[in-house]
Amino acid sequence: MRLTDASVTIRPRSAWEACDLGVLLARRHAGLLTASWALLTLPVFVLCSALLWQQPSLAMLLFWWLKPLYERLPLHILSRALFGATPTLKQAFQALPGLLKPQLLASLTWRRLSLTRSFDLPVLQLEGLNGQARSQRLIVLSQRDARPATWLTIIGSHVEMALWLGMLSLLYLLLPQQWELDWSWSNLIEPDSGSWLWLEHLSNLLYALLLIIWEPVYVACGFSLYLNRRSALEAWDIELAFRRLRQRLSGMATVALLVCSLLLLPPAPSAWAASDEASASCPLPLPEAPGPEAPRLLQQPLNSQAAQSAIKQLLEQPPFEHSESVTRWRFAEEASDTPDDAANASSLGEALKKLLELMGLLDGFKTLALALEVLLWTALFSLLLTLAWRYRDWLRTFGARLQRPAKTPAPAPTQLFGLQLAPQSLPNDIAGSVEALWAEQPREALGLLYRALLSRLLHDHQLPLKSSHTEAEVLQLTLQLQHAELSRFAQVLTRHWQNLAYGHQLPPDNLKRGLCEAWRRLFSSQVPA
């Protein structure tokens with residue numbers, strides 16, 4: 001891998017900018033990626049459908065479960081194309097057997113449902129890591145981009161579902177109108193009919209076709225996230241900057257070598273003669289070099305010793321040195337101010353511990369400490385209980401204030417369906433009043449009986465009636481009272497009341513006697529509210 005051959009700009013990017021780069025890579029090599037994916041996956045889809053024709057759902061599940069194996073081919077193409085060695089379709093399929101072998105079982109079992117599958121695949125395929133080395137490498141790479149890789153998988157699954165539903169809707173919209181009119185859904189979904197199998201296999205085929213477009217994009221986005229993380233960890237952009245600098249300066253290397261060669265040419269003969277005369281005399285040995293503490297600059301007014309004295313006096317004065325005396329009490333467990341004090345305290349503690357062990361008192365002191373601890377906790381709980389008992393009235397009052405206020409029941413409605421339900425608006429003898437009105441005013445008689453029934457349900461049986469309820473909902477609530485005779489009476493009365501109120505159909509004459517007798521049986525013993 002030569003970074004200088006990269007077909008994209010190598011620089012640190014944000015995670016979502018890296019995903020955009022993956023989309024651009026997939027679009028640049030869209031023809032090769034889609035063709036290779038189609039040639040690889042469509043035969044597998046046809047084989048799964050043929051083997052499991054009667055179970056299309058299992059065929060679709062098997063095809064979907066093998067997706068990690070399909071994704072290795074587009075990653076191989078993208079990794080080669082990124083550095084200028086784009087393989088042909090034939091070369092890509094020639095490398096396919098070698099791509100499928102590494103860690104095949106792991107990819108289809110415990111790693112199948114990994115949400116960072118596209119981000120982890122380059123570590124397996126491009127770096128060839130396995131076992132502990134792979135885990136450590138993924139820990140390093142996932143420190144920053146694991147969450148974007150997870151969201152890439154989640155969003156990708158939703159994109160697949162949306163595209164699949166969109167293709168199904170498009171297929172339905174493209175059906176001729178006459179087919180839609182003659183379509184018999186009941187015959188289509190019958191278990192004995194083979195048309196439902198064809199529909200399931202057709203929807204599976206649409207899913208396999210949309211993967212041709214979407215899945216290379218998903219692999220490219222995961223690959224770009226991996227490249228972005230490596231470029232940040234290994235400083236690829238800095239390395240590329242230094243390489244460009246070296247290439248720019250390589251043209252000046254020839255000039256630099258020429259100048260150096262001119263400088264290293266031998267001198268003139270006169271110079272050689274002078275050097276010979278100088279070498280004829282024996283050089284004097286150099287005196288031993290003085291150490292750092294030796295006096296220097298002795299011929300100047302301010303020598304080295306005077307300078308060191310002045311520096312030392314300056315450092316002993318504020319603000320370089322601040323002396324402060326502090327006197328306070330301290331616990332024995334605190335660290336001593338000096339190493340000698342700390343050593344003395346430690347040795348004293350050890351000596352005291354050994355003395356107690358020799359005297360056999362160490363276990364006794366431990367038991368005494370435990371007993372004191374239990375005594376202190378008991379005293380604390382006793383104090384809390386005493387305070388709670390002493391101020392129990394105040395706590396009861398304060399607790400009552402903190403309780404939620406009780407819900408006030410909603411007032412009962414005074415009208416339903418335009419009928420007054422107040423008990424004061426009804427006569428005392430409901431059945432007698434109905435019998436008196438039935439001959440000349442059947443509508444008022446039936447309305448009075450229905451109004452009285454609603455009033456009894458509301459006030460006597462506490463039925464939660466609302467002004468928004470309909471007659472049918474009132475009957476449903478009446479059934480909840482578990483009163484068979486009352487329910488039958490309410491159903492008969494409601495039906496005839498609706499026929500009269502909405503259909504203007506007068507009730508039969510023999511209905512009066514049955515309703516009035518049923519009313520007396522149900523409510524004669526009850527006193528009106």
# chains A, B, ... in the order shown; residues from 1 in each chain; ligands from 1

$ residues_around --residues "Leu486 (chain A)" --least-positions-apart "5" --cutoff "10 Å" --atoms "only C-alpha atoms" --output "PyMOL selection string"
chain A and resi 453+457+478-479+481+491+518-519+521-523

$ select_by_dssp --residues "region 88-148 of chain A" --states "alpha helix (DSSP H)" --output "NGL selection string"
:A and (89-94 or 96-100 or 104-108 or 117-125 or 131-148)

$ residues_around --residues "Leu113 (chain A)" --least-positions-apart "6" --cutoff "10 Å" --atoms "only C-alpha atoms" --output "number ranges by chain"
A: 65, 68, 107

$ residues_around --residues "Ala35 (chain A)" --least-positions-apart "2" --cutoff "12 Å" --atoms "only C-alpha atoms" --output "VMD selection string"
chain A and resid 29 to 33 37 to 42 73 to 74 77 88 to 90 92 to 93 209 211 to 213 216

$ residues_around --residues "Leu210 (chain A)" --least-positions-apart "5" --cutoff "10 Å" --atoms "only C-alpha atoms" --output "PyMOL selection string"
chain A and resi 160-161+163-164+167+205+215

$ closest_residue --among "A:Leu376, A:Leu446, A:Leu170, A:Cys516" --to "Leu500 (chain A)" --atoms "only C-alpha atoms"
A:Leu446

$ atom_distance --atom1 "CA of Ser224 (chain A)" --atom2 "CA of Phe119 (chain A)"
8.6 Å

$ closest_residue --among "A:Leu62, A:Leu108, A:Ala484, A:Leu506" --to "Gln441 (chain A)" --atoms "only C-alpha atoms"
A:Leu506

$ closest_residue --among "A:Phe223, A:Tyr450, A:Trp110, A:Tyr218" --to "Asp145 (chain A)" --atoms "only C-alpha atoms"
A:Phe223

$ atom_distance --atom1 "CA of Thr86 (chain A)" --atom2 "CA of Arg28 (chain A)"
11.4 Å
